[in-house]
Each structure stands twice: as structure tokens, then as C-alpha cells.
file model.cif (mmCIF, C-alpha atoms)
data_model
loop_
_atom_site.group_PDB
_atom_site.id
_atom_site.type_symbol
_atom_site.label_atom_id
_atom_site.label_comp_id
_atom_site.auth_asym_id
_atom_site.auth_seq_id
_atom_site.Cartn_x
_atom_site.Cartn_y
_atom_site.Cartn_z
ATOM 1 C CA MET A 1 -6.292 11.467 10.741
ATOM 2 C CA GLY A 2 -6.575 8.345 8.568
ATOM 3 C CA VAL A 3 -3.433 6.453 7.609
ATOM 4 C CA LEU A 4 -3.856 7.142 3.889
ATOM 5 C CA MET A 5 -4.285 10.858 4.571
ATOM 6 C CA LEU A 6 -1.217 10.654 6.783
ATOM 7 C CA VAL A 7 0.641 8.874 3.965
ATOM 8 C CA ALA A 8 -0.252 11.686 1.570
ATOM 9 C CA VAL A 9 0.750 14.388 4.077
ATOM 10 C CA VAL A 10 4.050 12.668 4.918
ATOM 11 C CA ALA A 11 4.789 12.170 1.224
ATOM 12 C CA VAL A 12 4.227 15.840 0.471
ATOM 13 C CA VAL A 13 6.197 17.040 3.497
ATOM 14 C CA CYS A 14 9.084 14.662 2.742
ATOM 15 C CA GLY A 15 9.076 15.578 -0.916
ATOM 16 C CA ALA A 16 8.021 12.123 -2.072
ATOM 17 C CA VAL A 17 6.188 11.971 -5.343
ATOM 18 C CA LEU A 18 2.840 10.216 -5.403
ATOM 19 C CA SER A 19 2.371 9.230 -8.999
ATOM 20 C CA PRO A 20 -0.565 7.294 -10.442
ATOM 21 C CA GLN A 21 0.437 3.966 -11.930
ATOM 22 C CA ARG A 22 -1.252 0.680 -12.751
ATOM 23 C CA ALA A 23 -0.409 -2.653 -11.163
ATOM 24 C CA ASP A 24 -1.592 -6.140 -11.965
ATOM 25 C CA SER A 25 -2.766 -8.470 -9.224
ATOM 26 C CA ASP A 26 -4.988 -11.533 -8.889
ATOM 27 C CA SER A 27 -7.987 -9.184 -8.893
ATOM 28 C CA GLY A 28 -6.855 -7.564 -12.159
ATOM 29 C CA PRO A 29 -5.253 -4.214 -12.950
ATOM 30 C CA GLN A 30 -5.751 -1.420 -10.450
ATOM 31 C CA GLU A 31 -4.615 2.157 -10.060
ATOM 32 C CA VAL A 32 -1.822 2.632 -7.531
ATOM 33 C CA VAL A 33 0.386 5.389 -6.170
ATOM 34 C CA SER A 34 4.090 5.167 -5.423
ATOM 35 C CA TYR A 35 5.127 5.916 -1.857
ATOM 36 C CA VAL A 36 8.465 6.196 -0.045
ATOM 37 C CA VAL A 37 8.326 4.441 3.330
ATOM 38 C CA ALA A 38 8.782 6.762 6.315
ATOM 39 C CA PRO A 39 10.136 5.747 9.745
ATOM 40 C CA GLY A 40 7.581 3.691 11.666
ATOM 41 C CA ASP A 41 5.496 2.770 8.619
ATOM 42 C CA THR A 42 4.310 -0.842 8.467
ATOM 43 C CA LEU A 43 2.673 -2.959 5.819
ATOM 44 C CA TRP A 44 -0.082 -3.724 8.343
ATOM 45 C CA SER A 45 -0.920 -0.007 8.764
ATOM 46 C CA TYR A 46 -1.247 0.401 4.994
ATOM 47 C CA ALA A 47 -3.387 -2.726 4.834
ATOM 48 C CA GLU A 48 -5.686 -1.460 7.590
ATOM 49 C CA ALA A 49 -6.115 1.834 5.741
ATOM 50 C CA ILE A 50 -7.153 0.206 2.458
ATOM 51 C CA THR A 51 -9.301 -2.602 3.831
ATOM 52 C CA PRO A 52 -13.010 -1.858 3.384
ATOM 53 C CA PRO A 53 -15.347 -2.231 6.380
ATOM 54 C CA GLY A 54 -15.937 -5.914 7.043
ATOM 55 C CA GLY A 55 -12.881 -6.860 4.959
ATOM 56 C CA ASP A 56 -9.938 -8.963 6.109
ATOM 57 C CA VAL A 57 -6.757 -6.953 6.736
ATOM 58 C CA ASN A 58 -4.713 -10.106 6.087
ATOM 59 C CA ASP A 59 -6.037 -10.161 2.500
ATOM 60 C CA ALA A 60 -4.857 -6.579 2.022
ATOM 61 C CA VAL A 61 -1.412 -7.443 3.465
ATOM 62 C CA ASP A 62 -1.169 -10.322 0.984
ATOM 63 C CA GLU A 63 -2.239 -8.000 -1.854
ATOM 64 C CA LEU A 64 0.400 -5.407 -0.914
ATOM 65 C CA ARG A 65 3.107 -8.080 -0.674
ATOM 66 C CA GLU A 66 2.150 -9.418 -4.095
ATOM 67 C CA MET A 67 1.963 -5.970 -5.714
ATOM 68 C CA ASN A 68 5.432 -5.100 -4.418
ATOM 69 C CA HIS A 69 7.030 -8.541 -4.862
ATOM 70 C CA LEU A 70 7.884 -8.647 -1.146
ATOM 71 C CA ARG A 71 9.026 -11.881 0.511
ATOM 72 C CA THR A 72 8.229 -10.555 4.005
ATOM 73 C CA THR A 73 6.037 -7.861 5.532
ATOM 74 C CA LYS A 74 9.028 -5.857 6.763
ATOM 75 C CA LEU A 75 9.541 -2.395 5.245
ATOM 76 C CA GLN A 76 12.629 -0.215 5.385
ATOM 77 C CA THR A 77 12.686 3.568 5.661
ATOM 78 C CA GLY A 78 13.300 4.987 2.183
ATOM 79 C CA GLN A 79 11.956 1.899 0.416
ATOM 80 C CA ARG A 80 9.582 2.720 -2.474
ATOM 81 C CA ILE A 81 6.371 0.713 -2.628
ATOM 82 C CA VAL A 82 3.112 0.980 -4.506
ATOM 83 C CA VAL A 83 -0.201 1.090 -2.694
ATOM 84 C CA PRO A 84 -3.708 0.974 -4.191
ATOM 85 C CA LYS A 85 -5.217 4.364 -4.909
ATOM 86 C CA HIS A 86 -8.627 2.910 -4.010
ATOM 87 C CA PRO A 87 -9.580 0.404 -1.287
ATOM 88 C CA VAL A 88 -9.013 -3.289 -1.930
ATOM 89 C CA ARG A 89 -12.254 -5.020 -2.903
ATOM 90 C CA ASN A 90 -13.495 -8.040 -0.989
ATOM 91 C CA GLN A 91 -12.717 -11.142 -2.999
#
call {"tool": "encode", "arguments": {"input": "model.cif", "output": "C-alpha cells"}}
result
Amino acid sequence: MGVLMLVAVVAVVCGAVLSPQRADSDSGPQEVVSYVVAPGDTLWSYAEAITPPGGDVNDAVDELREMNHLRTTKLQTGQRIVVPKHPVRNQ
């Protein structure tokens, strides 16, 4: 099962609300969903899930950090973050 599908399943099972929003980044506005971090979730796993084939996962990590105003890549269980609804485009 893909990580994004797993994110959606975990969110529904845990009662988290995935709500469409818009976020601004260097690549312009994009549609995002809000997600509550579950135990074991990492920023890297989200980045891998949204990186298109041939893309650089590090770019997606940077994008997620920027979108969420994170100083580090560490996430805490229960933390609310936004993740792109659609894959990050190669820049």
C-alpha cells in the first residue's frame, strides 16, 4: 500500500480530518491536505510518497519543511502538518 494511501487510511481510522487547503511555496500556490502525524511517521516517508519518478526526495523534504515552517525534519505524534494533495513537480 502506498504511503499516501496509508496516510489517508490512518487519518480516517484515527478520526483525523483531511481538509483541502492552499499553501504558498517557491513553486506557487498548491492544494494541500491537513494531516495529524501518527506514531512512526517521518517527513522522509511523506517526501518519498509525493516525489514523482525521477525526482529528488530531498527537494520534496525541503518543500514539506518550507510549507510547514519546520526548522528540522523531526515530526511528533499528534503534530498537524500539511502535505501536497498532488505530487511535487520537478523544479
call {"tool": "resolve_selection", "arguments": {"input": "model.cif", "expression": "the PyMOL selection byres ((chain A and resi 64) around 8)", "output": "list in words"}}
result
Leu43, Ala47, Ala60, Val61, Asp62, Glu63, Arg65, Glu66, Met67, Asn68, Val82 and Val83 of chain A
call {"tool": "closest_residue", "arguments": {"input": "model.cif", "among": "A:Asp56, A:Glu48, A:Pro29, A:His69", "to": "Ile81 of chain A", "atoms": "only C-alpha atoms"}}
result
A:His69
call {"tool": "atom_distance", "arguments": {"input": "model.cif", "atom1": "atom CA of Pro39 of chain A", "atom2": "atom CA of Gly55 of chain A"}}
result
26.7 Å
call {"tool": "atom_distance", "arguments": {"input": "model.cif", "atom1": "atom CA of Gln30 of chain A", "atom2": "atom CA of Lys85 of chain A"}}
result
8.0 Å
call {"tool": "atom_distance", "arguments": {"input": "model.cif", "atom1": "atom CA of Gln79 of chain A", "atom2": "atom CA of Tyr46 of chain A"}}
result
14.1 Å
